[in-house]
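**Q** Before I ask anything, here is the structure I am working with.
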Amino acid sequence: MVWTVAAPNSAAVDAGAGTALLRMNDLALQNFHSIPNAFQVLRPPVPGTVSFELKWQAGPKQFTISDAQARGYAGEFKEATAQLSWSSKQQDFQFVSDPMETSTTQFALIGHERNGINAAPPAAAGVRITDSGFDPVDARVAVGGTVTWTNDGLSVHTVKEAAGAGLGLNSGGLGRGQSYQFTFTKAGTFFYTSEADCLNGHASPGFNCTYATVTVS
C-alpha cells in the first residue's frame with residue numbers, strides 16, 4: 001500500500017536545464033508512530049505538519065530505456081544529484097533538518113518516460129505438483145498457450161478441471177517425474193485440482209485442495 005496526498009502547484013520541472021524542484025509548506029499529516037500502527041491503528045495518531053524542499057540537478061551521464069518487446073514503453077533519463085531539507089511539527093515537538101547543502105545523494109535521476117501496454121502473457125507456463133499442492137497456484141498464458149504440469153512429489157497426483165469447465169482438462173494419474181500438457185484455446189480463468197488428492201472422497205494429508213487456476217488472456 002502507498003499513501004499519497006495531493007500536491008498542487010508544488011513542483012517545477014525544467015527539462016532543458018535538467019532541473020526539478022518539489023516544495024511543500026505545512027502539509028497536514030497524521031503521525032501514526034510506526035508502520036504497523038498505520039495499518040491497525042492500535043495507538044491514536046497525532047496531528048502534525050511537515051515542510052520540505054527537494055531539488056534535482058541532472059549530470060552528464062544519460063541513458064535510454066526501450067521495451068524489448070516493442071510494447072511502447074520508453075524513457076530518456078540522466079543521472080542526477082538530489083538535495084533535501086525538511087522540518088516537522090507536532091504538539092510541543094519540532095524537528096529541523098541540517099541545511100540542504102549538507103545532504104548527499106545515494107541515487108537520483110531526472111528525465112521523461114512514455115507508458116506502453118501491459119506485458120503480454122507468455123505462450124507457455126510450467127506448474128510443479130508437489131505432495132503439498134500446485135506451484136504456482138495461479139499460472140498465466142496467452143490464448144493458444146500451453147501449460148505443463150510436472151509431478152515432483154513422491155505420490156501419484158492428477159490435474160482435473162473443476163466441474164462445468166468444459167475444457168477436457170484431465171491428466172489421469174501422474175507418477176513422480178511424469179508430465180501433462182494442455183493447450184488453452186479460449187480466454188478466461190479456469191479452476192482445477194488433483195482428483196487423486198481432493199475429489200471423490202479423497203483427502204490427502206498435507207495437500208492443498210483449494211482450487212488452483214490458469215488465467216488465459
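The way I read the labels, and the way they are meant: chains A, B, ... in the order of the C-alpha cells, residue 1 as the first residue of every chain, and ligand 1 as the first ligand shown, with later ones counted on from there.
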Taking the DSSP assignment computed from this structure's backbone, write out as number ranges by chain all residues of stretch 12-174 of chain A that belong to strand (DSSP E or B).
**A** A: 12-14, 19-31, 46-66, 74-90, 93-96, 109-114, 124-130, 133-135, 138-141, 146-151, 157, 160-161, 170, 174
**Q** Could you pull the residues within 9 Å of stretch 168-178 of chain A, counting only C-alpha atoms, minus those fewer than 5 positions along the same chain, as a VMD selection string?
**A** chain A and resid 149 to 162 192 195 to 196
**Q** So that I can see what lies close to A:Arg23, please list as a ChimeraX atom specification the residues with an atom at most 7 Å from it, counting only C-alpha atoms and leaving out residues fewer than 3 positions away in the same chain.
**A** /A:10-11,52-54
**Q** For the residues selected in the previous step, produce a file with N, CA and C atoms as a PDB file, in the first residue's frame.
**A**
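Contents of result19.pdb, as written:
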```pdb
ATOM      1  N   SER A  10       3.130  22.584  -6.524  1.00  0.00           N
ATOM      2  CA  SER A  10       4.292  22.434  -5.648  1.00  0.00           C
ATOM      3  C   SER A  10       5.533  21.958  -6.395  1.00  0.00           C
ATOM      4  N   ALA A  11       5.384  21.577  -7.673  1.00  0.00           N
ATOM      5  CA  ALA A  11       6.507  21.037  -8.430  1.00  0.00           C
ATOM      6  C   ALA A  11       6.803  21.918  -9.629  1.00  0.00           C
ATOM      7  N   PHE A  52       9.042  20.642   3.331  1.00  0.00           N
ATOM      8  CA  PHE A  52      10.291  20.162   2.744  1.00  0.00           C
ATOM      9  C   PHE A  52      10.524  20.808   1.386  1.00  0.00           C
ATOM     10  N   GLU A  53      11.788  20.774   0.982  1.00  0.00           N
ATOM     11  CA  GLU A  53      12.189  21.248  -0.337  1.00  0.00           C
ATOM     12  C   GLU A  53      13.184  20.241  -0.901  1.00  0.00           C
ATOM     13  N   LEU A  54      12.894  19.733  -2.089  1.00  0.00           N
ATOM     14  CA  LEU A  54      13.715  18.705  -2.724  1.00  0.00           C
ATOM     15  C   LEU A  54      14.100  19.186  -4.114  1.00  0.00           C
TER      16      LEU A  54
END
```
**Q** Tell me, as a ChimeraX atom specification, which residues lie within 8 Å of A:Val50, counting only C-alpha atoms; anything in the same chain fewer than 4 positions away does not count.
**A** /A:24-29,86-89
**Q** Write the residues of the selection above to a file with C-alpha atoms, as a PDB file, in the first residue's frame.
**A**
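Listed below is the output, out_32.pdb:
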```pdb
ATOM      1  CA  MET A  24       5.669  21.701   0.323  1.00  0.00           C
ATOM      2  CA  ASN A  25       4.910  24.026   3.235  1.00  0.00           C
ATOM      3  CA  ASP A  26       2.986  22.997   6.362  1.00  0.00           C
ATOM      4  CA  LEU A  27       1.466  19.876   4.830  1.00  0.00           C
ATOM      5  CA  ALA A  28      -1.016  18.441   7.345  1.00  0.00           C
ATOM      6  CA  LEU A  29      -0.356  14.770   8.193  1.00  0.00           C
ATOM      7  CA  TRP A  86      12.764  19.298   5.757  1.00  0.00           C
ATOM      8  CA  SER A  87      11.095  20.071   9.053  1.00  0.00           C
ATOM      9  CA  SER A  88       8.164  18.768  11.082  1.00  0.00           C
ATOM     10  CA  LYS A  89       5.943  19.933  13.911  1.00  0.00           C
TER      11      LYS A  89
END
```
**Q** A:Gly126: which residues within 9 Å, counting only C-alpha atoms, same-chain residues fewer than 2 positions away excluded, as an mmCIF file with N, CA and C atoms, in the first residue's frame?
**A**
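So result_15.cif came out as:
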```cif
data_model
loop_
_atom_site.group_PDB
_atom_site.id
_atom_site.type_symbol
_atom_site.label_atom_id
_atom_site.label_comp_id
_atom_site.auth_asym_id
_atom_site.auth_seq_id
_atom_site.Cartn_x
_atom_site.Cartn_y
_atom_site.Cartn_z
ATOM 1 N N ALA A 124 3.810 -20.081 -22.880
ATOM 2 C CA ALA A 124 3.924 -21.353 -22.164
ATOM 3 C C ALA A 124 4.195 -21.094 -20.696
ATOM 4 N N ARG A 128 4.611 -27.000 -11.053
ATOM 5 C CA ARG A 128 5.086 -28.167 -10.318
ATOM 6 C C ARG A 128 3.944 -28.715 -9.461
ATOM 7 N N ASP A 135 2.345 -25.541 -7.627
ATOM 8 C CA ASP A 135 3.242 -24.395 -7.511
ATOM 9 C C ASP A 135 3.666 -23.937 -8.904
ATOM 10 N N PRO A 136 3.217 -22.726 -9.344
ATOM 11 C CA PRO A 136 2.380 -21.771 -8.627
ATOM 12 C C PRO A 136 0.914 -22.172 -8.658
ATOM 13 N N ALA A 139 -1.337 -19.972 -12.692
ATOM 14 C CA ALA A 139 -0.495 -19.849 -13.881
ATOM 15 C C ALA A 139 -1.175 -18.896 -14.861
ATOM 16 N N THR A 146 0.285 -23.032 -23.777
ATOM 17 C CA THR A 146 0.321 -24.383 -23.216
ATOM 18 C C THR A 146 0.874 -24.358 -21.797
ATOM 19 N N VAL A 147 0.208 -25.080 -20.904
ATOM 20 C CA VAL A 147 0.687 -25.258 -19.536
ATOM 21 C C VAL A 147 1.156 -26.692 -19.371
ATOM 22 N N THR A 148 2.322 -26.854 -18.755
ATOM 23 C CA THR A 148 2.868 -28.185 -18.487
ATOM 24 C C THR A 148 2.930 -28.397 -16.992
ATOM 25 N N TRP A 149 2.284 -29.455 -16.515
ATOM 26 C CA TRP A 149 2.336 -29.840 -15.108
ATOM 27 C C TRP A 149 3.315 -31.003 -14.964
ATOM 28 N N THR A 150 4.204 -30.926 -13.984
ATOM 29 C CA THR A 150 5.168 -31.983 -13.728
ATOM 30 C C THR A 150 5.070 -32.409 -12.270
#
```
**Q** A:Gln62, A:Thr81, A:Gln40, A:Gln181: which is nearest A:Ala125, counting only C-alpha atoms?
**A**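 Closest residue, counting only C-alpha atoms: A:Gln181.
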**Q** Pick the closest to A:Thr210 from A:Phe134, A:Ser179, A:Phe77, A:Val5: which is it, counting only C-alpha atoms?
**A** A:Phe134
